[in-house]
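Have a look at target.txt below; it lists compact mmCIF, N, CA and C atoms and all ligand atoms.
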```txt
# COMPACT_ATOMS: atom_id res chain seq x y z
N MET N 138 -15.49 -4.47 1.81
CA MET N 138 -14.78 -3.40 1.13
C MET N 138 -15.75 -2.60 0.27
N ASN N 139 -15.69 -1.29 0.38
CA ASN N 139 -16.57 -0.43 -0.40
C ASN N 139 -16.01 -0.24 -1.81
N ASP N 140 -16.92 0.05 -2.75
CA ASP N 140 -16.47 0.38 -4.10
C ASP N 140 -15.60 1.64 -4.04
N ASN N 141 -14.65 1.71 -4.94
CA ASN N 141 -13.78 2.89 -5.02
C ASN N 141 -13.06 3.18 -3.71
N GLU N 142 -12.71 2.14 -3.01
CA GLU N 142 -11.98 2.30 -1.75
C GLU N 142 -10.66 1.55 -1.89
N THR N 143 -9.58 2.24 -1.59
CA THR N 143 -8.28 1.59 -1.67
C THR N 143 -8.10 0.63 -0.50
N ILE N 144 -7.09 -0.21 -0.60
CA ILE N 144 -6.76 -1.09 0.53
C ILE N 144 -6.48 -0.25 1.76
N LEU N 145 -5.74 0.85 1.58
CA LEU N 145 -5.42 1.72 2.72
C LEU N 145 -6.69 2.26 3.37
N ASP N 146 -7.61 2.78 2.55
CA ASP N 146 -8.83 3.35 3.12
C ASP N 146 -9.66 2.29 3.83
N ALA N 147 -9.69 1.09 3.27
CA ALA N 147 -10.43 0.01 3.93
C ALA N 147 -9.80 -0.34 5.27
N CYS N 148 -8.48 -0.35 5.32
CA CYS N 148 -7.79 -0.63 6.59
C CYS N 148 -8.10 0.45 7.61
N LEU N 149 -7.99 1.72 7.19
CA LEU N 149 -8.23 2.82 8.13
C LEU N 149 -9.67 2.78 8.63
N ARG N 150 -10.60 2.49 7.73
CA ARG N 150 -12.02 2.44 8.13
C ARG N 150 -12.25 1.34 9.15
N ASN N 151 -11.43 0.30 9.10
CA ASN N 151 -11.59 -0.83 10.01
C ASN N 151 -10.64 -0.76 11.21
N GLY N 152 -10.07 0.40 11.43
CA GLY N 152 -9.26 0.59 12.62
C GLY N 152 -7.85 0.05 12.53
N ILE N 153 -7.41 -0.29 11.31
CA ILE N 153 -6.03 -0.74 11.12
C ILE N 153 -5.22 0.48 10.68
N ASN N 154 -4.39 0.94 11.57
CA ASN N 154 -3.70 2.20 11.34
C ASN N 154 -2.44 2.04 10.51
N LEU N 155 -2.61 1.87 9.23
CA LEU N 155 -1.45 1.83 8.33
C LEU N 155 -0.89 3.25 8.21
N GLU N 156 0.42 3.32 8.20
CA GLU N 156 1.03 4.64 7.98
C GLU N 156 0.73 5.12 6.58
N HIS N 157 0.64 6.43 6.41
CA HIS N 157 0.42 7.00 5.08
C HIS N 157 0.96 8.44 5.10
N ALA N 158 2.27 8.50 5.20
CA ALA N 158 2.96 9.77 5.46
C ALA N 158 2.72 10.83 4.39
N CYS N 159 2.53 10.43 3.15
CA CYS N 159 2.34 11.44 2.10
C CYS N 159 0.86 11.72 1.84
N GLU N 160 0.01 11.21 2.74
CA GLU N 160 -1.44 11.41 2.61
C GLU N 160 -1.96 10.88 1.27
N LYS N 161 -1.48 9.71 0.89
CA LYS N 161 -2.02 8.96 -0.26
C LYS N 161 -1.66 9.57 -1.61
N ALA N 162 -0.56 10.31 -1.66
CA ALA N 162 -0.18 11.01 -2.88
C ALA N 162 0.80 10.22 -3.75
N CYS N 163 1.06 8.96 -3.42
CA CYS N 163 2.02 8.14 -4.14
C CYS N 163 3.40 8.82 -4.13
N ALA N 164 3.82 9.22 -2.95
CA ALA N 164 5.09 9.92 -2.82
C ALA N 164 5.93 9.38 -1.65
N CYS N 165 5.54 8.26 -1.06
CA CYS N 165 6.33 7.67 0.02
C CYS N 165 6.18 6.15 -0.10
N THR N 166 6.68 5.42 0.88
CA THR N 166 6.48 3.97 0.85
C THR N 166 5.87 3.46 2.16
N THR N 167 5.39 4.38 2.98
CA THR N 167 4.94 3.97 4.32
C THR N 167 3.66 3.14 4.28
N CYS N 168 2.93 3.18 3.19
CA CYS N 168 1.69 2.40 3.11
C CYS N 168 1.92 1.05 2.43
N HIS N 169 3.18 0.66 2.29
CA HIS N 169 3.54 -0.60 1.64
C HIS N 169 2.89 -1.80 2.35
N VAL N 170 2.28 -2.66 1.57
CA VAL N 170 1.75 -3.91 2.10
C VAL N 170 2.14 -5.05 1.16
N ILE N 171 2.12 -6.25 1.69
CA ILE N 171 2.37 -7.44 0.89
C ILE N 171 1.04 -8.16 0.74
N VAL N 172 0.63 -8.36 -0.50
CA VAL N 172 -0.68 -8.95 -0.75
C VAL N 172 -0.54 -10.48 -0.74
N LYS N 173 -1.17 -11.10 0.24
CA LYS N 173 -1.04 -12.55 0.42
C LYS N 173 -2.06 -13.32 -0.40
N GLU N 174 -3.24 -12.75 -0.57
CA GLU N 174 -4.27 -13.39 -1.40
C GLU N 174 -4.96 -12.32 -2.22
N GLY N 175 -5.26 -12.65 -3.45
CA GLY N 175 -5.98 -11.71 -4.30
C GLY N 175 -5.09 -10.83 -5.15
N PHE N 176 -3.78 -11.08 -5.14
CA PHE N 176 -2.86 -10.21 -5.89
C PHE N 176 -3.20 -10.19 -7.39
N ASP N 177 -3.54 -11.33 -7.92
CA ASP N 177 -3.81 -11.41 -9.36
C ASP N 177 -5.07 -10.65 -9.75
N ASN N 178 -5.90 -10.32 -8.78
CA ASN N 178 -7.14 -9.59 -9.08
C ASN N 178 -6.94 -8.08 -9.05
N LEU N 179 -5.74 -7.65 -8.70
CA LEU N 179 -5.50 -6.21 -8.60
C LEU N 179 -5.09 -5.63 -9.94
N GLU N 180 -5.43 -4.40 -10.14
CA GLU N 180 -4.96 -3.73 -11.35
C GLU N 180 -3.45 -3.53 -11.25
N ASP N 181 -2.79 -3.45 -12.40
CA ASP N 181 -1.34 -3.30 -12.42
C ASP N 181 -0.93 -1.98 -11.76
N ALA N 182 0.25 -1.99 -11.17
CA ALA N 182 0.78 -0.78 -10.56
C ALA N 182 1.20 0.21 -11.64
N SER N 183 1.06 1.49 -11.33
CA SER N 183 1.53 2.53 -12.24
C SER N 183 3.06 2.59 -12.19
N ASP N 184 3.65 3.29 -13.14
CA ASP N 184 5.11 3.45 -13.13
C ASP N 184 5.57 4.16 -11.85
N ASP N 185 4.81 5.16 -11.41
CA ASP N 185 5.18 5.88 -10.18
C ASP N 185 5.17 4.94 -8.98
N GLU N 186 4.14 4.10 -8.91
CA GLU N 186 4.07 3.15 -7.79
C GLU N 186 5.24 2.17 -7.86
N GLU N 187 5.53 1.66 -9.04
CA GLU N 187 6.64 0.72 -9.20
C GLU N 187 7.97 1.36 -8.76
N ASP N 188 8.18 2.61 -9.16
CA ASP N 188 9.42 3.31 -8.79
C ASP N 188 9.56 3.43 -7.28
N LEU N 189 8.46 3.78 -6.61
CA LEU N 189 8.51 3.91 -5.16
C LEU N 189 8.69 2.56 -4.49
N LEU N 190 8.01 1.55 -5.01
CA LEU N 190 8.11 0.22 -4.39
C LEU N 190 9.55 -0.27 -4.37
N ASP N 191 10.31 0.13 -5.37
CA ASP N 191 11.73 -0.28 -5.41
C ASP N 191 12.48 0.21 -4.18
N LYS N 192 11.97 1.24 -3.52
CA LYS N 192 12.64 1.79 -2.33
C LYS N 192 12.05 1.26 -1.03
N ALA N 193 11.02 0.45 -1.11
CA ALA N 193 10.32 0.00 0.10
C ALA N 193 11.13 -1.06 0.85
N TRP N 194 11.08 -0.99 2.15
CA TRP N 194 11.74 -2.01 2.98
C TRP N 194 10.97 -3.32 2.83
N GLY N 195 11.72 -4.42 2.65
CA GLY N 195 11.08 -5.73 2.61
C GLY N 195 10.26 -5.98 1.37
N LEU N 196 10.70 -5.41 0.26
CA LEU N 196 9.95 -5.56 -0.99
C LEU N 196 9.81 -7.03 -1.39
N GLU N 197 8.61 -7.41 -1.79
CA GLU N 197 8.38 -8.76 -2.31
C GLU N 197 7.69 -8.65 -3.66
N SER N 198 7.62 -9.76 -4.37
CA SER N 198 7.04 -9.71 -5.71
C SER N 198 5.57 -9.32 -5.69
N ASN N 199 4.93 -9.53 -4.55
CA ASN N 199 3.51 -9.18 -4.42
C ASN N 199 3.31 -7.97 -3.51
N SER N 200 4.29 -7.08 -3.51
CA SER N 200 4.17 -5.84 -2.74
C SER N 200 3.35 -4.81 -3.52
N ARG N 201 2.63 -4.00 -2.79
CA ARG N 201 1.91 -2.86 -3.38
C ARG N 201 1.89 -1.70 -2.39
N LEU N 202 1.64 -0.52 -2.92
CA LEU N 202 1.37 0.63 -2.06
C LEU N 202 -0.14 0.68 -1.85
N SER N 203 -0.55 0.50 -0.61
CA SER N 203 -1.97 0.27 -0.35
C SER N 203 -2.85 1.47 -0.70
N CYS N 204 -2.27 2.67 -0.76
CA CYS N 204 -3.11 3.83 -1.09
C CYS N 204 -3.37 3.92 -2.59
N GLN N 205 -2.70 3.08 -3.37
CA GLN N 205 -2.83 3.15 -4.83
C GLN N 205 -3.64 2.00 -5.41
N VAL N 206 -4.11 1.09 -4.56
CA VAL N 206 -4.72 -0.14 -5.06
C VAL N 206 -6.20 -0.19 -4.75
N TYR N 207 -6.98 -0.35 -5.80
CA TYR N 207 -8.42 -0.54 -5.65
C TYR N 207 -8.74 -2.00 -5.98
N PRO N 208 -8.96 -2.82 -4.99
CA PRO N 208 -9.24 -4.23 -5.27
C PRO N 208 -10.50 -4.38 -6.11
N VAL N 209 -10.48 -5.32 -7.03
CA VAL N 209 -11.66 -5.56 -7.85
C VAL N 209 -12.47 -6.74 -7.33
N GLU N 210 -11.91 -7.50 -6.43
CA GLU N 210 -12.63 -8.60 -5.78
C GLU N 210 -12.71 -8.29 -4.29
N ASN N 211 -13.68 -8.88 -3.64
CA ASN N 211 -13.84 -8.63 -2.21
C ASN N 211 -12.70 -9.18 -1.38
N MET N 212 -12.14 -10.31 -1.80
CA MET N 212 -11.19 -11.01 -0.94
C MET N 212 -9.76 -10.60 -1.27
N THR N 213 -9.19 -9.80 -0.41
CA THR N 213 -7.79 -9.44 -0.54
C THR N 213 -7.18 -9.52 0.85
N VAL N 214 -6.13 -10.32 0.98
CA VAL N 214 -5.48 -10.50 2.27
C VAL N 214 -4.11 -9.87 2.19
N ILE N 215 -3.80 -9.03 3.17
CA ILE N 215 -2.50 -8.35 3.15
C ILE N 215 -1.71 -8.63 4.42
N GLU N 216 -0.41 -8.46 4.28
CA GLU N 216 0.49 -8.49 5.44
C GLU N 216 1.15 -7.12 5.51
N ILE N 217 1.30 -6.62 6.70
CA ILE N 217 1.95 -5.32 6.87
C ILE N 217 3.41 -5.58 7.22
N PRO N 218 4.35 -5.05 6.42
CA PRO N 218 5.76 -5.28 6.70
C PRO N 218 6.14 -4.75 8.08
N LYS N 219 7.18 -5.33 8.64
CA LYS N 219 7.60 -4.95 10.00
C LYS N 219 8.08 -3.51 10.05
N TYR N 220 8.72 -3.08 9.00
CA TYR N 220 9.27 -1.72 8.99
C TYR N 220 8.77 -0.97 7.77
N THR N 221 8.70 0.34 7.92
CA THR N 221 8.47 1.18 6.75
C THR N 221 9.56 2.26 6.76
N ILE N 222 9.78 2.83 5.61
CA ILE N 222 10.74 3.93 5.53
C ILE N 222 9.91 5.21 5.49
N ASN N 223 10.00 5.98 6.53
CA ASN N 223 9.25 7.21 6.59
C ASN N 223 10.16 8.36 6.20
N GLN N 224 10.20 8.63 4.91
CA GLN N 224 11.13 9.64 4.41
C GLN N 224 10.75 11.03 4.86
N VAL N 225 9.48 11.25 5.14
CA VAL N 225 9.06 12.58 5.57
C VAL N 225 9.67 12.89 6.93
N SER N 226 9.55 11.97 7.88
CA SER N 226 10.08 12.27 9.20
C SER N 226 11.60 12.20 9.24
N GLU N 227 12.21 11.47 8.30
CA GLU N 227 13.67 11.46 8.26
C GLU N 227 14.23 12.79 7.79
N LEU N 228 13.45 13.51 7.05
CA LEU N 228 13.91 14.79 6.51
C LEU N 228 13.70 15.93 7.50
N THR N 229 12.84 15.74 8.49
CA THR N 229 12.55 16.85 9.40
C THR N 229 13.36 16.75 10.67
S1 LIG S 301 0.61 6.98 1.63
FE1 LIG S 301 2.40 7.60 0.59
S2 LIG S 301 2.43 6.31 -1.12
FE2 LIG S 301 0.70 5.64 -0.05
```

Translate this structure into structure tokens?
Amino acid sequence: MNDNETILDACLRNGINLEHACEKACACTTCHVIVKEGFDNLEDASDDEEDLLDKAWGLESNSRLSCQVYPVENMTVIEIPKYTINQVSELT
């Protein structure tokens, strides 16, 4: 993982195509991931991220929006939820 790289950017760089409908603007929930290891090493979520997470499908206590999280340790293991809510495409 590179410095100043979000979980989403690290996934995309490694060919893991996580959805990111709002282009990383913290305005959707499509980049939702569940952090399996390393959650305690992450910085706290902002209020905006928390508000959006409340709308995410399959929310868990260790859920995060991957475009908003900069891991501080190298080891972070995530699970990608089976479904995402793509509000952008639902509106069009
Ligand atoms: S890509 Fe929309 S909140 Fe992360």

Check: Which residue gives the smallest distance to ligand LIG 301 (chain S) among N:Ser203, N:Val172, N:Asn151, N:Leu196, with all atoms listed in the file counted?
Finding: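 So, comparing all the options, the nearest one is N:Ser203.
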
Give me the chain N side of the contact with ligand LIG 301 (chain S), cut-off 7 Å, one line per residue showing its nearest atom pair and distance in Å at one decimal, counting only N, CA and C atoms and all ligand atoms, sorted by chain and residue number, as a tab-separated table.
```
residue	atom	partner	partner_atom	distance
N:Glu156	C	S:LIG301	S1	5.3
N:His157	CA	S:LIG301	S1	3.5
N:Ala158	N	S:LIG301	S1	4.2
N:Cys159	N	S:LIG301	FE1	3.8
N:Glu160	N	S:LIG301	S1	4.4
N:Lys161	N	S:LIG301	S1	3.5
N:Ala162	N	S:LIG301	FE1	4.6
N:Cys163	CA	S:LIG301	S2	3.6
N:Ala164	N	S:LIG301	S2	3.7
N:Cys165	N	S:LIG301	FE1	3.6
N:Thr166	N	S:LIG301	S2	4.8
N:Thr167	N	S:LIG301	FE1	5.0
N:Cys168	CA	S:LIG301	FE2	4.6
N:His169	N	S:LIG301	FE2	6.0
N:Leu202	C	S:LIG301	FE2	5.3
N:Ser203	N	S:LIG301	FE2	5.3
N:Cys204	N	S:LIG301	FE2	4.3
N:Gln205	N	S:LIG301	FE2	5.4
```

Note to self: Just the number, please: distance in Å from atom CA of N:Tyr220 to atom CA of N:Lys192, one decimal.
What the structure shows: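 Straight-line distance from atom CA of N:Tyr220 to atom CA of N:Lys192 works out to 12.3 Å.
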
Note to self: Could you go through chain N and tell me which residues DSSP, when run on the backbone, assigns to alpha helix (DSSP H), listing them as a count of residues only?
What the structure shows: 19

Next item on the list: Quick one: pick out all strand (DSSP E or B) residues within stretch 140-229 of chain N from a backbone DSSP run and write them as a PyMOL selection string.
Entry: chain N and resi 169-174+200-202+214-216

Check: Which residue, N:Thr143, N:Asn154, N:Cys148, N:Ile171, has the smallest gap to N:Ser200 when you use all atoms listed in the file?
Finding: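 Among the listed residues, the smallest separation from N:Ser200 belongs to N:Ile171.
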
Check: How many Å lie between atom C of N:Ala182 and atom C of N:Pro218, rounded to one decimal?
Finding: 20.9 Å

Notebook entry, point to check: Restricting the calculation to only C-alpha atoms, which member of N:Glu142, N:Leu155, N:Glu174, N:Arg150 is positioned closest to N:Ile215?
Noted result: N:Glu174

Note to self: One number please: atom CA of N:Thr221 to atom CA of N:Asn141, in Å, one decimal.
What the structure shows: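 That distance, rounded to one decimal, is 25.2 Å.
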
Margin query: Could you check the closest approach to N:Lys173 for each of N:Glu197, N:Val209, N:Lys219, N:Asp146 and tell me which residue wins, using only C-alpha atoms?
Written below: N:Glu197

Can you save stretch 176-201 of chain N of the given block to a file, including C-alpha atoms and formatted as a JSON list (two decimals), in the first residue's frame?
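Saved to out.json:
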```json
[["chain", "number", "residue", "atom", "x", "y", "z"],
["N", 176, "PHE", "CA", -9.86, -1.89, 11.70],
["N", 177, "ASP", "CA", -8.43, -0.54, 14.93],
["N", 178, "ASN", "CA", -5.52, 0.99, 13.01],
["N", 179, "LEU", "CA", -7.78, 3.14, 10.86],
["N", 180, "GLU", "CA", -8.55, 6.74, 11.57],
["N", 181, "ASP", "CA", -12.08, 7.42, 12.76],
["N", 182, "ALA", "CA", -14.77, 7.98, 10.17],
["N", 183, "SER", "CA", -15.97, 11.53, 9.58],
["N", 184, "ASP", "CA", -19.58, 12.47, 10.33],
["N", 185, "ASP", "CA", -20.33, 12.47, 6.59],
["N", 186, "GLU", "CA", -18.94, 8.96, 6.22],
["N", 187, "GLU", "CA", -20.90, 7.74, 9.25],
["N", 188, "ASP", "CA", -24.13, 9.23, 7.85],
["N", 189, "LEU", "CA", -23.64, 7.48, 4.52],
["N", 190, "LEU", "CA", -22.64, 4.19, 6.11],
["N", 191, "ASP", "CA", -26.01, 4.12, 7.84],
["N", 192, "LYS", "CA", -27.53, 3.68, 4.37],
["N", 193, "ALA", "CA", -25.13, 0.98, 3.18],
["N", 194, "TRP", "CA", -26.38, -2.52, 2.44],
["N", 195, "GLY", "CA", -25.03, -5.09, 4.88],
["N", 196, "LEU", "CA", -23.65, -2.58, 7.36],
["N", 197, "GLU", "CA", -21.43, -4.06, 10.05],
["N", 198, "SER", "CA", -19.67, -2.52, 13.02],
["N", 199, "ASN", "CA", -16.41, -2.61, 11.07],
["N", 200, "SER", "CA", -17.81, -1.16, 7.85],
["N", 201, "ARG", "CA", -16.08, 1.74, 6.12]]
```
